[in-house]
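Pasting final_36.txt here (compact mmCIF, C-alpha atoms and all ligand atoms):
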```
# COMPACT_ATOMS: atom_id res chain seq x y z
CA MET A 1 95.90 71.39 83.25
CA GLY A 2 99.40 71.22 81.85
CA LYS A 3 98.42 71.46 78.19
CA GLY A 4 98.18 74.25 75.66
CA ARG A 5 99.43 77.74 76.22
CA VAL A 6 99.83 80.12 79.16
CA ALA A 7 98.62 83.72 79.33
CA LEU A 8 98.45 86.82 81.49
CA VAL A 9 94.85 87.56 82.48
CA ALA A 10 95.33 90.46 84.91
CA ALA A 11 98.01 93.02 85.72
CA GLY A 12 98.42 95.96 88.09
CA ILE A 13 101.11 98.32 89.30
CA THR A 14 101.87 100.91 91.98
CA LYS A 15 103.37 104.33 91.50
CA PHE A 16 107.17 103.96 91.37
CA GLY A 17 109.30 106.47 93.27
CA LYS A 18 110.54 107.50 96.67
CA ARG A 19 107.49 106.20 98.49
CA ALA A 20 106.41 106.64 102.11
CA ALA A 21 104.81 103.19 101.70
CA THR A 22 106.29 100.17 103.48
CA PHE A 23 107.11 96.83 101.82
CA ARG A 24 103.72 95.57 103.03
CA ASP A 25 101.88 98.66 101.71
CA LEU A 26 103.49 98.28 98.27
CA ILE A 27 102.47 94.62 98.01
CA ALA A 28 98.89 95.29 99.13
CA GLU A 29 98.63 98.17 96.65
CA ALA A 30 99.92 96.06 93.73
CA GLY A 31 97.67 93.16 94.73
CA LYS A 32 94.59 95.39 94.74
CA ALA A 33 95.52 96.96 91.40
CA THR A 34 95.98 93.49 89.90
CA PHE A 35 92.56 92.26 91.06
CA ASP A 36 90.98 95.56 89.94
CA SER A 37 92.21 94.89 86.38
CA ASN A 38 90.00 91.79 86.03
CA LYS A 39 86.77 91.74 87.98
CA LYS A 40 86.20 88.08 87.11
CA ILE A 41 89.02 87.08 89.48
CA SER A 42 88.86 87.49 93.25
CA PRO A 43 91.45 86.54 95.90
CA LYS A 44 89.56 83.36 96.76
CA ASP A 45 90.11 82.10 93.18
CA VAL A 46 93.91 82.20 93.63
CA LYS A 47 95.45 79.01 95.01
CA ALA A 48 99.04 79.50 93.86
CA PHE A 49 101.15 82.55 94.69
CA ILE A 50 104.69 83.72 93.93
CA ILE A 51 106.51 86.74 95.35
CA SER A 52 109.52 88.12 93.51
CA THR A 53 111.73 90.14 95.81
CA VAL A 54 115.48 90.46 96.27
CA TYR A 55 116.43 91.75 99.70
CA PRO A 56 113.43 92.46 101.98
CA GLU A 57 115.48 91.02 104.87
CA ARG A 58 117.89 93.95 104.50
CA SER A 59 115.70 96.84 103.38
CA ALA A 60 112.41 96.03 105.15
CA TYR A 61 113.67 93.68 107.93
CA GLN A 62 111.24 91.11 106.59
CA GLY A 63 112.02 87.49 105.81
CA HIS A 64 109.70 84.65 104.72
CA PRO A 65 107.76 86.95 102.39
CA ALA A 66 105.73 84.44 100.33
CA PRO A 67 102.94 83.53 102.78
CA LEU A 68 102.93 87.07 104.20
CA ALA A 69 102.61 88.70 100.78
CA ALA A 70 99.83 86.28 99.87
CA GLU A 71 97.97 87.27 103.04
CA TRP A 72 98.47 90.98 102.30
CA CYS A 73 96.83 90.36 98.90
CA GLY A 74 93.94 88.49 100.54
CA VAL A 75 95.08 85.12 99.17
CA ARG A 76 95.32 81.80 101.09
CA PRO A 77 97.25 79.52 98.69
CA THR A 78 96.36 75.80 98.80
CA GLU A 79 98.45 74.72 95.79
CA PHE A 80 101.77 76.46 96.44
CA HIS A 81 103.39 79.66 97.63
CA GLU A 82 106.99 80.46 96.71
CA ARG A 83 109.53 83.24 96.73
CA VAL A 84 111.67 83.70 93.61
CA GLU A 85 114.96 85.56 93.97
CA ASN A 86 117.31 86.01 91.05
CA GLN A 87 118.61 89.53 91.73
CA CYS A 88 117.55 91.99 88.99
CA GLY A 89 116.12 89.11 86.91
CA SER A 90 113.77 87.97 89.69
CA GLY A 91 110.55 89.25 88.09
CA THR A 92 111.07 87.50 84.77
CA SER A 93 112.21 84.37 86.62
CA ALA A 94 109.03 84.49 88.72
CA ILE A 95 106.71 84.66 85.70
CA ARG A 96 108.70 81.83 84.10
CA THR A 97 108.22 79.81 87.30
CA ALA A 98 104.46 80.40 87.12
CA TYR A 99 104.54 79.36 83.46
CA ALA A 100 106.44 76.17 84.32
CA ALA A 101 104.09 75.30 87.19
CA ILE A 102 101.07 75.64 84.90
CA MET A 103 102.70 73.60 82.13
CA ALA A 104 103.61 70.94 84.71
CA GLY A 105 99.99 70.71 85.77
CA LEU A 106 100.52 71.84 89.38
CA THR A 107 97.94 74.60 88.98
CA ASP A 108 96.04 76.53 86.34
CA LEU A 109 96.20 80.02 87.87
CA VAL A 110 99.07 81.80 89.67
CA MET A 111 99.28 85.29 91.11
CA VAL A 112 102.81 86.74 90.80
CA ILE A 113 103.71 89.88 92.74
CA GLY A 114 107.06 91.64 92.48
CA ALA A 115 108.02 94.20 95.11
CA GLU A 116 111.04 96.01 96.50
CA LYS A 117 111.48 98.64 99.17
CA VAL A 118 114.76 100.14 97.95
CA MET A 119 114.74 103.69 99.32
CA VAL A 120 115.96 103.40 102.88
CA PRO A 121 117.03 106.60 104.65
CA SER A 122 120.78 105.97 104.35
CA HIS A 123 122.19 105.96 100.81
CA GLN A 124 125.18 103.98 102.06
CA GLU A 125 122.74 101.27 103.07
CA ILE A 126 121.28 101.18 99.53
CA PHE A 127 124.77 100.57 98.13
CA LEU A 128 125.57 97.95 100.79
CA ASN A 129 122.32 96.16 99.93
CA ALA A 130 123.22 96.21 96.23
CA MET A 131 126.63 94.74 97.04
CA GLY A 132 124.85 91.74 98.58
CA GLY A 133 124.16 90.55 95.03
CA GLY A 134 127.85 90.27 94.15
CA ASP A 135 130.36 87.67 95.21
CA ARG A 136 131.07 88.64 98.80
CA GLU A 137 134.62 87.24 99.00
CA TRP A 138 135.88 88.11 95.53
CA GLU A 139 134.09 91.28 94.45
CA SER A 140 131.73 93.04 96.87
CA CYS A 141 134.45 93.34 99.50
CA PHE A 142 136.39 95.53 97.02
CA GLY A 143 133.43 97.86 96.52
CA VAL A 144 132.27 96.56 93.15
CA THR A 145 128.70 97.73 92.55
CA PRO A 146 126.84 97.94 89.22
CA PRO A 147 127.81 101.54 88.22
CA PRO A 148 131.59 100.91 88.06
CA LEU A 149 131.04 97.50 86.50
CA PHE A 150 128.89 98.86 83.68
CA ALA A 151 131.25 101.81 83.28
CA MET A 152 133.93 99.26 82.33
CA VAL A 153 131.47 97.67 79.90
CA ALA A 154 130.86 101.11 78.32
CA GLN A 155 134.60 101.79 78.09
CA ALA A 156 135.15 98.45 76.35
CA HIS A 157 132.33 99.11 73.86
CA MET A 158 133.56 102.64 73.13
CA GLN A 159 137.11 101.42 72.62
CA LYS A 160 136.19 98.50 70.38
CA TYR A 161 133.33 99.98 68.35
CA GLY A 162 133.70 103.76 68.64
CA THR A 163 130.42 104.19 70.53
CA THR A 164 130.18 107.76 71.81
CA GLU A 165 129.01 109.33 75.07
CA GLU A 166 126.36 111.21 73.05
CA GLN A 167 124.97 107.91 71.76
CA LEU A 168 124.77 106.61 75.33
CA ALA A 169 123.00 109.83 76.33
CA MET A 170 120.43 109.40 73.53
CA VAL A 171 119.14 106.25 75.24
CA SER A 172 118.52 108.26 78.41
CA VAL A 173 116.82 111.12 76.54
CA LYS A 174 114.48 108.64 74.81
CA ASN A 175 113.61 106.79 78.01
CA HIS A 176 113.14 109.93 80.12
CA ASN A 177 110.88 111.38 77.44
CA HIS A 178 108.88 108.14 77.23
CA SER A 179 108.27 108.24 80.97
CA LEU A 180 106.49 111.58 80.59
CA LYS A 181 103.55 109.51 79.34
CA ASN A 182 103.71 106.96 82.15
CA PRO A 183 101.86 108.12 85.28
CA HIS A 184 103.47 105.32 87.33
CA ALA A 185 107.05 106.33 86.44
CA HIS A 186 109.51 107.66 89.04
CA HIS A 187 110.85 110.46 86.80
CA GLN A 188 108.35 112.57 84.89
CA LYS A 189 110.32 115.60 83.80
CA GLY A 190 111.84 114.36 80.52
CA ALA A 191 115.48 115.12 79.62
CA THR A 192 117.51 116.86 76.94
CA LEU A 193 120.82 115.70 75.47
CA GLU A 194 122.58 118.60 77.16
CA GLN A 195 121.06 117.76 80.53
CA VAL A 196 122.19 114.14 80.29
CA MET A 197 125.68 115.05 79.04
CA THR A 198 126.25 117.59 81.80
CA SER A 199 124.79 115.53 84.62
CA ARG A 200 127.00 114.49 87.53
CA MET A 201 129.70 111.90 86.74
CA ILE A 202 129.04 108.61 88.56
CA ALA A 203 131.62 106.21 87.06
CA SER A 204 133.24 107.42 83.86
CA PRO A 205 131.78 107.53 81.24
CA LEU A 206 128.44 106.94 82.99
CA LYS A 207 126.76 110.05 84.34
CA LEU A 208 123.74 110.33 86.62
CA PHE A 209 121.24 110.15 83.75
CA ASP A 210 123.02 107.11 82.24
CA CYS A 211 122.04 105.14 85.34
CA SER A 212 118.80 103.40 86.26
CA THR A 213 117.05 104.84 89.25
CA ASN A 214 116.78 103.35 92.70
CA THR A 215 113.07 103.34 93.44
CA ASP A 216 110.33 101.76 95.54
CA GLY A 217 107.60 99.92 93.70
CA ALA A 218 105.55 96.82 93.11
CA ALA A 219 103.58 95.20 90.31
CA GLY A 220 101.47 92.10 89.86
CA VAL A 221 100.23 89.76 87.15
CA ILE A 222 97.92 86.77 87.15
CA VAL A 223 99.08 83.94 84.90
CA ALA A 224 96.65 81.23 83.72
CA SER A 225 96.37 78.17 81.53
CA GLU A 226 94.85 78.85 78.12
CA GLU A 227 91.58 77.18 79.07
CA ARG A 228 91.26 79.21 82.25
CA ALA A 229 92.38 82.38 80.47
CA ARG A 230 89.66 82.09 77.85
CA ALA A 231 87.05 81.86 80.60
CA LEU A 232 88.44 84.92 82.39
CA THR A 233 89.03 87.43 79.58
CA ASP A 234 88.42 88.08 75.90
CA ASN A 235 91.96 89.52 75.60
CA PRO A 236 94.55 87.20 77.14
CA VAL A 237 98.20 88.10 76.56
CA TYR A 238 100.06 84.88 75.75
CA ILE A 239 103.59 83.88 76.68
CA LEU A 240 104.97 82.81 73.31
CA GLY A 241 108.57 82.15 74.18
CA THR A 242 111.01 82.27 77.07
CA ALA A 243 114.66 81.51 77.80
CA GLN A 244 117.13 81.82 80.64
CA VAL A 245 120.86 81.50 80.08
CA SER A 246 123.78 81.84 82.47
CA ASP A 247 127.36 81.51 81.31
CA ALA A 248 129.56 83.15 83.93
CA TYR A 249 129.30 84.53 87.44
CA PRO A 250 130.90 86.29 89.30
CA TRP A 251 131.97 89.11 87.03
CA ALA A 252 135.66 88.34 87.33
CA ASN A 253 134.99 85.02 85.61
CA TYR A 254 133.41 86.75 82.66
CA PRO A 255 135.24 86.39 79.33
CA LYS A 256 137.77 89.10 78.56
CA ASP A 257 135.60 91.10 76.17
CA TRP A 258 132.92 92.76 78.32
CA SER A 259 131.39 94.52 75.31
CA SER A 260 129.90 91.22 74.06
CA TRP A 261 127.20 89.29 75.90
CA PRO A 262 127.01 85.86 74.19
CA ALA A 263 124.57 84.52 76.81
CA LEU A 264 122.07 87.18 75.76
CA LYS A 265 122.50 86.30 72.10
CA PHE A 266 121.90 82.62 72.93
CA ALA A 267 118.89 83.41 75.15
CA GLY A 268 117.38 85.59 72.41
CA GLU A 269 117.81 82.87 69.79
CA LYS A 270 116.21 80.28 72.06
CA ALA A 271 113.25 82.51 72.93
CA TYR A 272 112.68 83.54 69.29
CA LYS A 273 112.74 79.90 68.22
CA MET A 274 110.22 78.91 70.87
CA ALA A 275 107.95 81.81 69.89
CA GLY A 276 108.39 81.13 66.16
CA ILE A 277 109.40 84.73 65.48
CA GLY A 278 112.48 86.85 64.79
CA PRO A 279 113.56 90.34 65.88
CA LYS A 280 111.77 91.93 62.91
CA ASP A 281 108.43 90.73 64.33
CA VAL A 282 108.93 92.53 67.67
CA ASP A 283 106.85 95.72 68.01
CA ILE A 284 107.93 96.66 71.55
CA ALA A 285 111.07 95.79 73.50
CA ASP A 286 111.40 96.53 77.19
CA THR A 287 114.85 95.29 78.14
CA HIS A 288 117.20 95.76 81.05
CA ASP A 289 118.43 99.34 80.59
CA CYS A 290 120.14 99.31 83.98
CA PHE A 291 122.62 101.68 82.29
CA THR A 292 122.46 103.28 78.84
CA ILE A 293 125.26 101.03 77.55
CA SER A 294 123.19 97.96 78.44
CA GLU A 295 120.34 98.98 76.14
CA ILE A 296 122.81 99.55 73.29
CA ILE A 297 124.35 96.09 73.72
CA GLU A 298 120.84 94.61 73.96
CA TYR A 299 119.93 96.01 70.49
CA GLU A 300 122.96 94.14 69.15
CA GLU A 301 122.80 90.81 70.97
CA LEU A 302 119.05 90.47 70.44
CA GLY A 303 119.62 90.78 66.69
CA PHE A 304 118.09 94.20 65.95
CA CYS A 305 121.33 95.51 64.44
CA LYS A 306 124.86 94.26 63.73
CA LYS A 307 127.35 93.79 66.58
CA GLY A 308 128.98 97.12 67.35
CA GLU A 309 126.30 99.21 65.63
CA GLY A 310 124.01 99.77 68.62
CA GLY A 311 125.15 103.38 69.01
CA LYS A 312 124.29 104.13 65.41
CA PHE A 313 120.96 102.31 65.80
CA ILE A 314 119.71 104.73 68.48
CA GLU A 315 121.25 107.73 66.73
CA GLU A 316 119.22 106.93 63.59
CA GLY A 317 115.98 107.00 65.61
CA ARG A 318 115.13 103.37 64.88
CA VAL A 319 114.06 102.48 68.44
CA ASP A 320 111.43 105.15 69.04
CA TYR A 321 107.81 105.75 68.01
CA GLY A 322 107.79 105.79 64.20
CA GLY A 323 110.91 103.57 64.08
CA GLU A 324 111.33 99.83 63.58
CA VAL A 325 110.59 98.95 67.20
CA VAL A 326 109.57 101.03 70.21
CA TRP A 327 112.11 100.42 72.97
CA ALA A 328 111.07 101.03 76.61
CA PRO A 329 107.80 102.96 76.11
CA SER A 330 107.35 102.92 79.91
CA GLY A 331 110.63 104.79 80.41
CA GLY A 332 112.44 101.58 81.34
CA LEU A 333 114.64 101.11 84.38
CA ILE A 334 116.30 104.45 83.70
CA ALA A 335 113.21 106.64 84.02
CA CYS A 336 110.33 104.48 85.26
CA GLY A 337 112.69 103.12 87.91
CA HIS A 338 114.16 99.81 89.04
CA PRO A 339 112.71 98.25 92.21
CA PHE A 340 114.69 95.05 91.64
CA GLY A 341 112.16 92.27 92.31
CA ALA A 342 109.33 94.23 90.68
CA THR A 343 111.03 95.11 87.38
CA GLY A 344 110.27 91.93 85.39
CA ILE A 345 106.66 92.05 86.63
CA ARG A 346 106.48 95.72 85.63
CA GLN A 347 107.50 94.59 82.15
CA GLY A 348 104.72 91.97 82.24
CA TYR A 349 102.27 94.73 83.19
CA GLU A 350 103.50 96.85 80.27
CA ALA A 351 103.07 93.88 77.88
CA PHE A 352 99.55 93.36 79.22
CA ILE A 353 98.36 96.94 78.67
CA GLN A 354 100.22 97.50 75.38
CA LEU A 355 99.08 94.28 73.69
CA ARG A 356 95.47 94.88 74.77
CA GLY A 357 95.55 98.46 73.46
CA GLU A 358 95.10 99.90 76.98
CA ALA A 359 98.34 101.91 77.30
CA GLY A 360 96.78 105.35 76.86
CA ASP A 361 99.12 108.12 75.68
CA ARG A 362 102.06 105.75 75.28
CA GLN A 363 100.16 103.14 73.28
CA VAL A 364 102.20 101.64 70.45
CA GLU A 365 99.57 101.36 67.72
CA GLY A 366 98.83 97.82 66.54
CA ALA A 367 101.44 96.21 68.81
CA GLU A 368 101.30 92.41 68.64
CA ILE A 369 104.66 91.20 69.95
CA PHE A 370 106.44 92.40 73.11
CA LEU A 371 109.91 91.30 74.19
CA GLY A 372 110.76 91.60 77.89
CA HIS A 373 114.28 91.00 79.21
CA ASN A 374 116.17 91.24 82.48
CA LEU A 375 119.80 90.64 83.23
CA SER A 376 121.24 89.78 86.60
CA GLY A 377 124.90 89.87 85.59
CA LEU A 378 126.68 90.30 82.26
CA GLY A 379 126.32 86.58 81.63
CA GLU A 380 122.86 85.93 83.07
CA HIS A 381 119.83 86.70 80.95
CA HIS A 382 116.09 86.12 81.35
CA ILE A 383 113.62 86.64 78.49
CA LEU A 384 109.85 86.47 78.02
CA ILE A 385 108.17 87.08 74.67
CA TYR A 386 104.49 88.00 74.88
CA GLY A 387 101.94 88.03 72.06
CA ARG A 388 98.35 88.98 71.45
CA ASN A 389 97.59 85.61 69.84
C1 LIG B 401 123.34 106.96 90.09
C2 LIG B 401 123.10 106.84 91.57
C3 LIG B 401 124.40 106.39 92.25
C4 LIG B 401 122.63 108.18 92.14
O1 LIG B 401 122.33 107.98 93.50
P1 LIG B 401 122.52 109.19 94.57
O2 LIG B 401 123.80 109.89 94.30
O3 LIG B 401 122.34 108.56 95.92
O4 LIG B 401 121.34 110.16 94.19
P2 LIG B 401 120.19 110.68 95.16
O5 LIG B 401 119.28 109.50 95.51
O6 LIG B 401 120.80 111.42 96.30
O7 LIG B 401 119.36 111.65 94.26
C5 LIG B 401 119.78 112.99 94.01
C6 LIG B 401 118.93 113.52 92.89
O8 LIG B 401 119.25 112.82 91.67
C7 LIG B 401 118.08 112.16 91.16
N1 LIG B 401 118.53 110.84 90.69
C8 LIG B 401 119.01 109.83 91.44
N2 LIG B 401 119.35 108.79 90.66
C9 LIG B 401 119.04 109.18 89.39
C10 LIG B 401 119.16 108.53 88.15
N3 LIG B 401 119.65 107.29 88.06
N4 LIG B 401 118.76 109.19 87.04
C11 LIG B 401 118.26 110.46 87.12
N5 LIG B 401 118.13 111.12 88.28
C12 LIG B 401 118.52 110.47 89.40
C13 LIG B 401 117.13 112.03 92.31
O9 LIG B 401 115.79 111.98 91.86
C14 LIG B 401 117.43 113.31 93.08
O10 LIG B 401 116.77 114.39 92.45
P3 LIG B 401 116.04 115.51 93.33
O11 LIG B 401 117.16 116.15 94.13
O12 LIG B 401 115.42 116.41 92.30
O13 LIG B 401 115.06 114.79 94.19
C15 LIG B 401 121.96 105.78 91.83
O14 LIG B 401 120.80 106.20 91.12
C16 LIG B 401 122.36 104.40 91.40
O15 LIG B 401 123.11 103.71 92.08
N6 LIG B 401 121.82 103.89 90.28
C17 LIG B 401 122.12 102.57 89.79
C18 LIG B 401 121.27 101.54 90.51
C19 LIG B 401 121.74 100.14 90.22
O16 LIG B 401 122.91 99.86 90.19
N7 LIG B 401 120.80 99.21 90.00
C20 LIG B 401 121.10 97.87 89.65
C21 LIG B 401 121.36 97.81 88.19
S1 LIG B 401 121.70 96.18 87.58
```
Once you've parsed the file, please lay out its structure as structure tokens.
Amino acid sequence: MGKGRVALVAAGITKFGKRAATFRDLIAEAGKATFDSNKKISPKDVKAFIISTVYPERSAYQGHPAPLAAEWCGVRPTEFHERVENQCGSGTSAIRTAYAAIMAGLTDLVMVIGAEKVMVPSHQEIFLNAMGGGDREWESCFGVTPPPLFAMVAQAHMQKYGTTEEQLAMVSVKNHNHSLKNPHAHHQKGATLEQVMTSRMIASPLKLFDCSTNTDGAAGVIVASEERARALTDNPVYILGTAQVSDAYPWANYPKDWSSWPALKFAGEKAYKMAGIGPKDVDIADTHDCFTISEIIEYEELGFCKKGEGGKFIEEGRVDYGGEVVWAPSGGLIACGHPFGATGIRQGYEAFIQLRGEAGDRQVEGAEIFLGHNLSGLGEHHILIYGRN
């Protein structure tokens, strides 16, 4: 233990959407789907367990979720059980924690489940829950939630670089059309440019379809040492590189220019270096499209195009099937949905099926490198790069 590489050996997911399922139901469903994906692993083989979840105390009235979630998956951990919470970046943080535990020699196999019950009956309650992730005394008390925050980011980018509302809308059209091929996605109706442009204004210039979707959902992966992985599957999906950078929180402390995210640039460079690759090697990117403007800035900071040219990059069709890289084939947070603690694990699931050639209608042919990214603030970024070899 503690040597060599680390890989995903199993992955499963629930349907995302407005679910009648409880927090417990979602976890049990994701746990079963994860075990179903690799019949060589049963719950009794799992001795280390991580749950990624952001606010079950508020939305499901459930604290202390790690041992409970393990039990709901049929697992009795004897090496460790932990909860990882890092707001919208929790899922990627949780897989990184499993990676670190394996590299440290604490275990050679970890089950990681991400789950969130977001859709509570009162919409006000959903917003109040979201405000729990901001600085209570300096920001949340003034009503700052992600839509107005990212609207200011979009305004800054439009002002500085001439990015247009149509270019923002193109991200949504792409992601909504990708989700048509994802049976687990929340939205499965697709979208046209006109539909996005004429959708209800949320926080100018962001309209309904520019926003990620509140959704219930859960996903799971099993992470193993290379030696264990080789014994459990012929097609492990390796973690090639990872990085986590934080340079300012709360938002008021963020540097003046909100249209640039230097922490993401730094995180990308670190993860590429660790993986021994560059942006040109990436076949699929599944980044934190919490709002359309975020995906545009992510093209830039992750080195896929020059700073300020993200709008042009989507307009030229370079991030879709047939382009240089396929961005968010699942539909991303915008159309597949964003159950906070599950999102990074959902990206791990997507890496697992895409790099093994098991993604069905949305398969990116010959994909070898997958870049997953979450943000949990403009200056907090979490990256995992997965590879077939
Ligand atoms: C944009 C937003 C405010 C809309 O919420 P809302 O006004 O409460 O919308 P509702 O839940 O009442 O949904 C009304 C309709 O719009 C649809 N809808 C809701 N959010 C949507 C979205 N983001 N994109 C597309 N359609 C959406 C619903 O499916 C529903 O359609 P239906 O009537 O056909 O069932 C909400 O989606 C939001 O807050 N998104 C951002 C979430 C966020 O900040 N996450 C953290 C990011 S870091």
Find the residues around segment 356-358 of chain A up to 9 Å (all atoms listed in the file counted), leave out those fewer than 3 positions away in its own chain, and share them as a short mmCIF file (atom, residue, chain, number, x, y, z; two decimals) with C-alpha atoms, keeping the file's coordinate frame.
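The resulting result.cif:
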```
data_model
loop_
_atom_site.label_atom_id
_atom_site.label_comp_id
_atom_site.auth_asym_id
_atom_site.auth_seq_id
_atom_site.Cartn_x
_atom_site.Cartn_y
_atom_site.Cartn_z
CA ASN A 235 91.96 89.52 75.60
CA PRO A 236 94.55 87.20 77.14
CA VAL A 237 98.20 88.10 76.56
CA ALA A 351 103.07 93.88 77.88
CA PHE A 352 99.55 93.36 79.22
CA ILE A 353 98.36 96.94 78.67
CA GLN A 363 100.16 103.14 73.28
CA VAL A 364 102.20 101.64 70.45
CA GLU A 365 99.57 101.36 67.72
CA GLY A 366 98.83 97.82 66.54
CA ALA A 367 101.44 96.21 68.81
CA GLU A 368 101.30 92.41 68.64
CA ARG A 388 98.35 88.98 71.45
#
```
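Distance-wise, atom CA of Val326 of chain A and atom CA of Ile284 of chain A end up 4.9 Å apart.
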Quiz prompt | Which residue of A:Phe304, A:Trp251, A:Phe291, A:Phe370 approaches Leu168 of chain A most closely, using only C-alpha atoms | solution = A:Phe291
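Distances to Thr198 of chain A were evaluated for A:Asp210, A:Asp283, A:Asp234, A:Glu29 using all atoms listed in the file, and the minimum falls at A:Asp210.
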Practice problem: Check which residues fall inside 8 Å of ligand LIG 401 (chain B) when counting all atoms listed in the file, and print them as a PyMOL selection string. | Solution: chain A and resi 88+123+127+130+145-147+187+202+207-214+288+290-291+334-335+338+340+375-377
Quiz item: Which protein, DNA or RNA residues have an atom at most 9 Å from (124.9, 88.3, 81.8), counting all atoms listed in the file? List them as a PyMOL selection string.
Solution: chain A and resi 245-249+251+254+261-264+375-381
Practice problem: List the neighbours of segment 102-111 of chain A out to 8 Å using all atoms listed in the file; skip same-chain residues closer than 5 positions along the sequence, and give me the result as a ChimeraX atom specification. | Solution: /A:1-6,46-50,79,220-225,228
